[in-house]
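A.B. asks: Dropping in start-v3.json, which is JSON, C-alpha atoms:
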```json
[["chain", "number", "residue", "atom", "x", "y", "z"],
["A", 1, "MET", "CA", -25.69, 34.18, -26.19],
["A", 2, "SER", "CA", -28.94, 33.99, -24.25],
["A", 3, "ASP", "CA", -31.12, 37.05, -23.73],
["A", 4, "ASP", "CA", -30.29, 36.92, -20.03],
["A", 5, "ASN", "CA", -26.56, 37.02, -20.72],
["A", 6, "ARG", "CA", -27.00, 39.94, -23.09],
["A", 7, "SER", "CA", -29.00, 42.02, -20.63],
["A", 8, "ASN", "CA", -27.00, 41.18, -17.49],
["A", 9, "LEU", "CA", -23.32, 40.96, -18.40],
["A", 10, "LEU", "CA", -22.25, 42.22, -14.98],
["A", 11, "GLY", "CA", -24.26, 39.61, -13.07],
["A", 12, "GLY", "CA", -22.99, 36.79, -15.26],
["A", 13, "TYR", "CA", -19.41, 37.87, -14.76],
["A", 14, "LEU", "CA", -19.75, 38.16, -10.97],
["A", 15, "ARG", "CA", -21.36, 34.70, -10.71],
["A", 16, "ALA", "CA", -18.68, 33.08, -12.84],
["A", 17, "ARG", "CA", -15.79, 34.67, -10.99],
["A", 18, "ARG", "CA", -17.02, 33.98, -7.44],
["A", 19, "ALA", "CA", -17.40, 30.32, -8.39],
["A", 20, "LEU", "CA", -13.64, 30.23, -9.03],
["A", 21, "VAL", "CA", -12.56, 31.62, -5.64],
["A", 22, "THR", "CA", -12.30, 29.02, -2.88],
["A", 23, "PRO", "CA", -13.02, 29.88, 0.78],
["A", 24, "ASP", "CA", -9.45, 29.16, 1.86],
["A", 25, "GLN", "CA", -8.18, 31.73, -0.66],
["A", 26, "VAL", "CA", -9.98, 34.46, 1.30],
["A", 27, "GLY", "CA", -9.43, 33.04, 4.77],
["A", 28, "LEU", "CA", -12.86, 31.45, 5.29],
["A", 29, "PRO", "CA", -13.56, 27.90, 6.51],
["A", 30, "ALA", "CA", -14.84, 25.62, 3.77],
["A", 31, "GLY", "CA", -17.28, 23.73, 6.03],
["A", 32, "THR", "CA", -19.04, 20.51, 5.09],
["A", 33, "SER", "CA", -22.44, 21.77, 3.94],
["A", 34, "ARG", "CA", -21.29, 23.99, 1.08],
["A", 35, "ARG", "CA", -23.57, 23.49, -1.93],
["A", 36, "VAL", "CA", -21.96, 25.92, -4.36],
["A", 37, "PRO", "CA", -18.49, 25.99, -5.91],
["A", 38, "GLY", "CA", -16.44, 28.90, -4.73],
["A", 39, "LEU", "CA", -17.87, 31.65, -2.54],
["A", 40, "ARG", "CA", -21.48, 32.24, -1.52],
["A", 41, "ARG", "CA", -23.10, 35.56, -2.35],
["A", 42, "GLU", "CA", -23.19, 36.65, 1.27],
["A", 43, "GLU", "CA", -19.50, 35.86, 1.67],
["A", 44, "VAL", "CA", -18.58, 38.05, -1.30],
["A", 45, "ALA", "CA", -20.76, 40.84, 0.08],
["A", 46, "MET", "CA", -19.23, 40.61, 3.55],
["A", 47, "LEU", "CA", -15.66, 40.64, 2.24],
["A", 48, "ALA", "CA", -16.40, 43.54, -0.10],
["A", 49, "GLY", "CA", -18.05, 45.58, 2.65],
["A", 50, "ILE", "CA", -21.50, 45.81, 1.06],
["A", 51, "SER", "CA", -24.87, 44.39, 2.05],
["A", 52, "ALA", "CA", -25.90, 40.94, 0.89],
["A", 53, "ASP", "CA", -29.11, 42.42, -0.53],
["A", 54, "TYR", "CA", -27.21, 44.93, -2.62],
["A", 55, "TYR", "CA", -24.85, 42.27, -3.96],
["A", 56, "LEU", "CA", -27.85, 40.12, -4.88],
["A", 57, "ARG", "CA", -29.28, 43.06, -6.83],
["A", 58, "LEU", "CA", -26.01, 43.36, -8.72],
["A", 59, "GLU", "CA", -25.95, 39.69, -9.71],
["A", 60, "ARG", "CA", -29.59, 39.75, -10.79],
["A", 61, "GLY", "CA", -29.17, 42.87, -12.86],
["A", 62, "ARG", "CA", -31.40, 45.07, -10.73],
["A", 63, "ASP", "CA", -28.63, 47.61, -10.17],
["A", 64, "LYS", "CA", -26.50, 48.20, -13.23],
["A", 65, "ASN", "CA", -24.56, 51.22, -12.04],
["A", 66, "PRO", "CA", -22.47, 50.42, -8.93],
["A", 67, "SER", "CA", -19.78, 52.89, -7.94],
["A", 68, "PRO", "CA", -16.13, 52.36, -8.94],
["A", 69, "GLN", "CA", -15.35, 51.86, -5.23],
["A", 70, "VAL", "CA", -17.79, 48.95, -5.02],
["A", 71, "LEU", "CA", -16.39, 47.38, -8.17],
["A", 72, "GLU", "CA", -12.82, 47.75, -6.92],
["A", 73, "SER", "CA", -13.81, 46.03, -3.66],
["A", 74, "LEU", "CA", -15.44, 43.19, -5.58],
["A", 75, "ALA", "CA", -12.38, 42.89, -7.81],
["A", 76, "ARG", "CA", -10.20, 42.51, -4.73],
["A", 77, "VAL", "CA", -12.44, 39.81, -3.24],
["A", 78, "LEU", "CA", -12.67, 37.93, -6.54],
["A", 79, "HIS", "CA", -8.88, 38.07, -7.03],
["A", 80, "LEU", "CA", -9.16, 39.86, -10.38],
["A", 81, "ASP", "CA", -5.96, 40.98, -12.04],
["A", 82, "GLU", "CA", -5.58, 44.38, -13.68],
["A", 83, "LEU", "CA", -7.01, 43.30, -17.03],
["A", 84, "GLU", "CA", -9.96, 41.49, -15.42],
["A", 85, "GLN", "CA", -10.72, 44.53, -13.27],
["A", 86, "GLU", "CA", -10.64, 46.74, -16.35],
["A", 87, "TYR", "CA", -13.09, 44.34, -18.02],
["A", 88, "LEU", "CA", -15.36, 44.43, -14.96],
["A", 89, "LEU", "CA", -15.44, 48.23, -14.98],
["A", 90, "GLY", "CA", -16.24, 48.18, -18.69],
["A", 91, "LEU", "CA", -19.38, 46.08, -18.09],
["A", 92, "VAL", "CA", -21.04, 48.79, -16.01],
["A", 93, "ALA", "CA", -23.36, 51.26, -17.73],
["A", 94, "PRO", "CA", -21.72, 51.02, -21.16],
["A", 95, "ARG", "CA", -22.04, 54.15, -23.21],
["A", 96, "PRO", "CA", -24.79, 53.98, -25.83],
["A", 97, "ARG", "CA", -23.43, 53.39, -29.29],
["A", 98, "PRO", "CA", -25.03, 54.82, -32.41],
["A", 99, "GLN", "CA", -26.90, 52.31, -34.47],
["A", 100, "ARG", "CA", -24.98, 52.04, -37.71],
["A", 101, "ARG", "CA", -24.08, 49.47, -40.28],
["A", 102, "ARG", "CA", -20.88, 47.73, -39.28],
["A", 103, "LYS", "CA", -18.04, 48.12, -41.72],
["A", 104, "PRO", "CA", -16.68, 44.94, -43.30],
["A", 105, "GLU", "CA", -13.24, 43.94, -42.13],
["A", 106, "ARG", "CA", -11.09, 44.69, -45.17],
["A", 107, "VAL", "CA", -7.33, 44.38, -45.48],
["A", 108, "PRO", "CA", -5.69, 47.49, -47.01],
["A", 109, "ALA", "CA", -3.79, 46.98, -50.26],
["A", 110, "ARG", "CA", -0.54, 48.10, -48.63],
["A", 111, "VAL", "CA", -0.84, 45.22, -46.14],
["A", 112, "HIS", "CA", -1.26, 42.69, -48.93],
["A", 113, "GLN", "CA", 1.99, 44.03, -50.37],
["A", 114, "LEU", "CA", 3.64, 43.74, -46.95],
["A", 115, "LEU", "CA", 2.51, 40.13, -46.56],
["A", 116, "ALA", "CA", 4.03, 39.28, -49.93],
["A", 117, "SER", "CA", 7.36, 40.85, -49.04],
["A", 118, "VAL", "CA", 8.06, 39.61, -45.50],
["A", 119, "GLN", "CA", 10.14, 36.44, -45.19],
["A", 120, "VAL", "CA", 8.32, 34.97, -42.18],
["A", 121, "PRO", "CA", 4.84, 33.45, -41.72],
["A", 122, "ALA", "CA", 2.44, 36.38, -41.54],
["A", 123, "PHE", "CA", -1.31, 36.85, -41.69],
["A", 124, "VAL", "CA", -4.06, 39.32, -40.81],
["A", 125, "GLU", "CA", -6.89, 38.46, -38.42],
["A", 126, "GLY", "CA", -10.10, 40.22, -37.43],
["A", 127, "ARG", "CA", -11.71, 40.68, -34.03],
["A", 128, "ALA", "CA", -13.26, 37.21, -34.11],
["A", 129, "PHE", "CA", -9.96, 35.56, -35.15],
["A", 130, "ASP", "CA", -11.08, 35.24, -38.76],
["A", 131, "VAL", "CA", -8.08, 34.92, -41.09],
["A", 132, "LEU", "CA", -8.52, 37.71, -43.64],
["A", 133, "ALA", "CA", -5.21, 37.49, -45.52],
["A", 134, "SER", "CA", -1.98, 35.50, -45.34],
["A", 135, "ASN", "CA", 1.27, 34.87, -47.15],
["A", 136, "GLN", "CA", 2.61, 31.64, -48.61],
["A", 137, "LEU", "CA", 4.82, 30.85, -45.65],
["A", 138, "ALA", "CA", 1.92, 31.19, -43.20],
["A", 139, "VAL", "CA", -0.06, 28.60, -45.14],
["A", 140, "ALA", "CA", 3.03, 26.39, -45.34],
["A", 141, "LEU", "CA", 3.21, 26.62, -41.57],
["A", 142, "SER", "CA", -0.49, 25.75, -41.20],
["A", 143, "PRO", "CA", -3.18, 25.28, -43.87],
["A", 144, "ARG", "CA", -5.65, 26.67, -41.31],
["A", 145, "LEU", "CA", -4.07, 30.08, -41.87],
["A", 146, "LYS", "CA", -5.64, 30.42, -45.31],
["A", 147, "PRO", "CA", -8.10, 33.30, -45.73],
["A", 148, "GLY", "CA", -11.61, 32.18, -44.82],
["A", 149, "TYR", "CA", -10.62, 30.06, -41.83],
["A", 150, "ASN", "CA", -11.39, 31.01, -38.24],
["A", 151, "ARG", "CA", -8.53, 30.35, -35.82],
["A", 152, "LEU", "CA", -10.77, 29.71, -32.81],
["A", 153, "ARG", "CA", -12.99, 27.27, -34.71],
["A", 154, "SER", "CA", -9.93, 25.44, -36.04],
["A", 155, "LEU", "CA", -8.40, 25.21, -32.58],
["A", 156, "LEU", "CA", -11.51, 23.73, -31.01],
["A", 157, "LEU", "CA", -12.94, 21.59, -33.81],
["A", 158, "ASP", "CA", -10.07, 20.54, -36.11],
["A", 159, "PRO", "CA", -8.03, 17.52, -34.90],
["A", 160, "GLU", "CA", -5.10, 18.53, -37.11],
["A", 161, "GLU", "CA", -4.90, 21.96, -35.45],
["A", 162, "GLN", "CA", -5.13, 20.36, -32.02],
["A", 163, "ALA", "CA", -2.18, 18.10, -32.90],
["A", 164, "PHE", "CA", -0.33, 21.12, -34.31],
["A", 165, "GLN", "CA", -0.46, 22.92, -30.95],
["A", 166, "GLN", "CA", 2.01, 21.35, -28.53],
["A", 167, "ASP", "CA", 0.08, 22.72, -25.54],
["A", 168, "TRP", "CA", -3.47, 22.62, -26.88],
["A", 169, "THR", "CA", -5.08, 23.01, -23.45],
["A", 170, "ARG", "CA", -3.27, 26.24, -22.72],
["A", 171, "SER", "CA", -3.86, 27.53, -26.25],
["A", 172, "ALA", "CA", -7.62, 26.92, -25.98],
["A", 173, "GLU", "CA", -7.78, 28.74, -22.65],
["A", 174, "GLY", "CA", -5.90, 31.72, -24.03],
["A", 175, "PHE", "CA", -7.88, 31.98, -27.26],
["A", 176, "ILE", "CA", -11.28, 31.77, -25.59],
["A", 177, "ALA", "CA", -10.35, 34.33, -22.93],
["A", 178, "ALA", "CA", -8.99, 36.65, -25.62],
["A", 179, "PHE", "CA", -12.16, 36.19, -27.66],
["A", 180, "ARG", "CA", -14.31, 37.29, -24.72],
["A", 181, "LYS", "CA", -12.01, 40.29, -24.25],
["A", 182, "SER", "CA", -12.39, 41.14, -27.95],
["A", 183, "ILE", "CA", -16.18, 40.97, -27.75],
["A", 184, "GLY", "CA", -16.44, 43.25, -24.71],
["A", 185, "ASP", "CA", -19.95, 44.69, -24.67],
["A", 186, "ASP", "CA", -20.43, 44.28, -28.44],
["A", 187, "ILE", "CA", -22.63, 41.26, -27.81],
["A", 188, "ASP", "CA", -25.08, 41.91, -30.65],
["A", 189, "ASN", "CA", -22.41, 41.73, -33.34],
["A", 190, "PRO", "CA", -23.78, 39.07, -35.74],
["A", 191, "ARG", "CA", -20.34, 37.54, -36.31],
["A", 192, "PHE", "CA", -19.75, 37.08, -32.58],
["A", 193, "VAL", "CA", -23.26, 35.69, -32.02],
["A", 194, "GLU", "CA", -22.83, 33.18, -34.85],
["A", 195, "LEU", "CA", -19.43, 31.97, -33.70],
["A", 196, "VAL", "CA", -20.38, 31.65, -30.03],
["A", 197, "GLY", "CA", -23.52, 29.75, -31.00],
["A", 198, "GLU", "CA", -21.65, 27.34, -33.26],
["A", 199, "LEU", "CA", -18.89, 26.61, -30.75],
["A", 200, "ALA", "CA", -21.30, 26.28, -27.83],
["A", 201, "LEU", "CA", -23.11, 23.53, -29.73],
["A", 202, "SER", "CA", -20.01, 21.79, -31.07],
["A", 203, "SER", "CA", -17.35, 22.00, -28.35],
["A", 204, "GLU", "CA", -17.65, 20.94, -24.73],
["A", 205, "ARG", "CA", -14.29, 22.58, -24.04],
["A", 206, "PHE", "CA", -15.63, 25.88, -25.32],
["A", 207, "ARG", "CA", -18.77, 25.62, -23.17],
["A", 208, "THR", "CA", -16.69, 24.94, -20.05],
["A", 209, "LEU", "CA", -14.20, 27.75, -20.59],
["A", 210, "TRP", "CA", -16.77, 30.24, -21.85],
["A", 211, "ALA", "CA", -18.73, 29.81, -18.62],
["A", 212, "ARG", "CA", -15.66, 30.89, -16.62],
["A", 213, "HIS", "CA", -15.77, 34.40, -18.14],
["A", 214, "ASP", "CA", -11.97, 34.56, -18.30],
["A", 215, "VAL", "CA", -10.59, 37.59, -20.14],
["A", 216, "ARG", "CA", -7.07, 37.92, -21.45],
["A", 217, "ASN", "CA", -5.02, 39.74, -24.05],
["A", 218, "LEU", "CA", -3.57, 37.36, -26.63],
["A", 219, "ASP", "CA", -0.39, 39.31, -27.14],
["A", 220, "GLY", "CA", 3.01, 38.37, -28.40],
["A", 221, "GLY", "CA", 4.97, 35.52, -26.89],
["A", 222, "THR", "CA", 6.69, 32.27, -27.71],
["A", 223, "THR", "CA", 4.96, 29.07, -28.71],
["A", 224, "THR", "CA", 5.92, 25.57, -29.79],
["A", 225, "VAL", "CA", 4.08, 23.80, -32.60],
["A", 226, "ASN", "CA", 4.35, 20.37, -34.20],
["A", 227, "HIS", "CA", 4.54, 20.67, -37.98],
["A", 228, "PRO", "CA", 3.63, 17.46, -39.85],
["A", 229, "VAL", "CA", 6.61, 17.80, -42.24],
["A", 230, "VAL", "CA", 9.49, 19.56, -40.46],
["A", 231, "GLY", "CA", 8.60, 18.60, -36.91],
["A", 232, "GLU", "CA", 8.79, 20.75, -33.79],
["A", 233, "LEU", "CA", 9.13, 24.53, -34.22],
["A", 234, "ARG", "CA", 9.77, 27.05, -31.46],
["A", 235, "LEU", "CA", 8.45, 30.39, -32.70],
["A", 236, "HIS", "CA", 8.01, 33.91, -31.42],
["A", 237, "ARG", "CA", 4.69, 35.63, -32.14],
["A", 238, "ASP", "CA", 4.09, 39.35, -32.51],
["A", 239, "LYS", "CA", 0.77, 41.11, -33.14],
["A", 240, "LEU", "CA", 0.80, 44.57, -34.71],
["A", 241, "PRO", "CA", -2.34, 46.72, -35.03],
["A", 242, "VAL", "CA", -3.34, 47.71, -38.57],
["A", 243, "ASP", "CA", -6.40, 49.96, -38.49],
["A", 244, "ASP", "CA", -8.97, 47.77, -36.66],
["A", 245, "LEU", "CA", -7.18, 44.53, -37.58],
["A", 246, "LEU", "CA", -4.08, 42.70, -36.38],
["A", 247, "LEU", "CA", -1.02, 41.69, -38.36],
["A", 248, "VAL", "CA", 0.44, 38.51, -36.85],
["A", 249, "LEU", "CA", 3.99, 37.39, -37.52],
["A", 250, "TYR", "CA", 5.78, 34.20, -36.48],
["A", 251, "TYR", "CA", 9.58, 33.99, -36.50],
["A", 252, "ALA", "CA", 12.36, 31.91, -34.98],
["A", 253, "ASP", "CA", 15.63, 32.84, -33.33],
["A", 254, "GLN", "CA", 18.16, 33.54, -36.06],
["A", 255, "GLY", "CA", 20.40, 30.56, -36.73],
["A", 256, "SER", "CA", 18.32, 28.19, -34.61],
["A", 257, "GLU", "CA", 17.07, 24.80, -35.73],
["A", 258, "SER", "CA", 13.57, 26.26, -36.00],
["A", 259, "ASP", "CA", 14.94, 29.02, -38.23],
["A", 260, "GLU", "CA", 16.43, 26.41, -40.57],
["A", 261, "LYS", "CA", 13.10, 24.58, -40.66],
["A", 262, "LEU", "CA", 11.27, 27.79, -41.55],
["A", 263, "ARG", "CA", 13.69, 28.31, -44.43],
["A", 264, "LEU", "CA", 12.89, 24.79, -45.62],
["A", 265, "LEU", "CA", 9.18, 25.57, -45.45],
["A", 266, "ALA", "CA", 9.78, 28.79, -47.40],
["A", 267, "SER", "CA", 11.50, 26.91, -50.22],
["A", 268, "MET", "CA", 8.61, 24.44, -50.31],
["A", 269, "ALA", "CA", 6.04, 27.25, -50.32],
["A", 270, "GLN", "CA", 7.56, 28.86, -53.41],
["A", 271, "THR", "CA", 6.16, 26.03, -55.51],
["A", 272, "THR", "CA", 2.64, 26.44, -54.05],
["A", 273, "PRO", "CA", 1.09, 29.83, -54.91],
["A", 274, "THR", "CA", -1.26, 31.04, -52.20],
["A", 275, "PRO", "CA", -3.92, 33.76, -52.63],
["A", 276, "THR", "CA", -3.87, 36.48, -49.99],
["A", 277, "ARG", "CA", -7.30, 37.96, -50.53],
["A", 278, "VAL", "CA", -10.25, 37.21, -48.29],
["A", 279, "GLY", "CA", -12.13, 33.99, -48.99],
["A", 280, "PRO", "CA", -15.77, 33.84, -50.17],
["A", 281, "ARG", "CA", -17.13, 32.73, -46.79],
["A", 282, "MET", "CA", -15.54, 35.64, -44.97],
["A", 283, "ALA", "CA", -16.75, 38.07, -47.61],
["A", 284, "GLU", "CA", -20.31, 36.88, -47.03],
["A", 285, "LEU", "CA", -19.96, 37.19, -43.27],
["A", 286, "ASN", "CA", -18.68, 40.74, -43.50],
["A", 287, "GLU", "CA", -21.36, 42.07, -45.87]]
```
Is it possible to express this structure as structure tokens?

C.D. replies:
Amino acid sequence: MSDDNRSNLLGGYLRARRALVTPDQVGLPAGTSRRVPGLRREEVAMLAGISADYYLRLERGRDKNPSPQVLESLARVLHLDELEQEYLLGLVAPRPRPQRRRKPERVPARVHQLLASVQVPAFVEGRAFDVLASNQLAVALSPRLKPGYNRLRSLLLDPEEQAFQQDWTRSAEGFIAAFRKSIGDDIDNPRFVELVGELALSSERFRTLWARHDVRNLDGGTTTVNHPVVGELRLHRDKLPVDDLLLVLYYADQGSESDEKLRLLASMAQTTPTPTRVGPRMAELNE
């Protein structure tokens, strides 16, 4: 993250979002001499009912404390949904946080016991999508779910993970938007800085989507994956909060073909012991 992005989160978000709104979406003529994607600054200001000079100050970080009414007007013009509007409001005058040593992300012993007892693929992830613990069936589903892996890095840089995801494009969009939501205003977190820097250098897809400033919750849902041994699996995903971490479980409809395939994977996993404690790399990152 550049110094400019760190000091002017609001301006960066406004610029990114207005570039995604086309003139016809707000009832304006596109014209033939438009040099910018999306809306011009003065168009956003006019539609939001504020002066062009004031909007320019907002984008350049000269006014960091606009009123909620102004932000709500901008959210309307920029076609922000409820979650995106909440994110926008959270960028304004964030409350000062005490300077303290960040606690390592540690998985409680009771959760390790839970992972060992559940009969579905299950793992624990941190705020940056680091896999902190997993059970045998999770690793049988995907080797990238071993402790020490990062799910976002795997998705963007590992060809096997890209082939595993049936809709890789949609998955990448969702993960990156959820990652930005997870970061929020905690932009100096060393783990976030490291991961953003690595992916910005290594993945063009990440650079493109990161510049959009999309935010999204990566909640439960249904996904389809392509397993190299058992083939296509249609799985439900649930995420349950555990302290500051998330317990993720994948499961199929009972009696379905995918359910039978998971049972096959479970029988195969019994012959391959899998550690559930955090890997050395993650331990170093969290110290």

A.B. asks: In Å, rounded to a single decimal, give me how far atom CA of Asp253 of chain A is from atom CA of Pro228 of chain A.

C.D. replies: 20.6 Å

A.B. asks: Between atom CA of Leu141 of chain A and atom CA of Ser202 of chain A, what distance in Å does the model show, to one decimal?

C.D. replies: 25.9 Å

A.B. asks: Using all atoms listed in the file, tabulate the residues of segment 187-286 of chain A lying at most 12 Å from any atom of segment 76-81 of chain A, each with its closest atom pair and that distance in Å to one decimal, by chain and increasing residue number, as a tab-separated table.

C.D. replies:
```
residue	atom	partner	partner_atom	distance
A:His213	CA	A:Leu80	CA	11.6
A:Asp214	CA	A:Leu80	CA	9.9
A:Val215	CA	A:Asp81	CA	9.9
A:Arg216	CA	A:Asp81	CA	10.0
```

A.B. asks: Which residue is closest to Pro143 of chain A? Choose from A:Glu125, A:Ala266, A:Leu47, A:His227 and count only C-alpha atoms.

C.D. replies: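 Of the candidates, the smallest distance to Pro143 of chain A is held by A:His227.
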
A.B. asks: When you count only C-alpha atoms, which of these residues is closest to Ile183 of chain A: A:Gly220, A:Gln165, A:Gly90, A:Arg110?

C.D. replies: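 Between A:Gly220, A:Gln165, A:Gly90, A:Arg110, the residue approaching Ile183 of chain A most closely is A:Gly90.
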
A.B. asks: Report the distance between atom CA of Arg263 of chain A and atom CA of Asn226 of chain A in Å, rounded to one decimal place.

C.D. replies: 16.0 Å

A.B. asks: With all atoms listed in the file as the basis for distance, which of A:Gly126, A:Pro104, A:Ala52, A:Pro68 is at the shortest distance from Val242 of chain A?

C.D. replies: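 Among the listed residues, A:Gly126 lies closest to Val242 of chain A.
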
A.B. asks: Counting all atoms listed in the file, which residue out of A:Leu74, A:Ala45, A:Tyr87, A:Ser203 sits closest to Asp185 of chain A?

C.D. replies: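 Answer, going by the shortest atom-to-atom distance: A:Tyr87.
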
A.B. asks: Using only C-alpha atoms, which protein or nucleic acid residues come within 9 Å of Asp63 of chain A? Drop anything in the same chain fewer than 5 positions from it, and give the result as a list in words.

C.D. replies: Tyr54, Arg57 and Leu58 of chain A
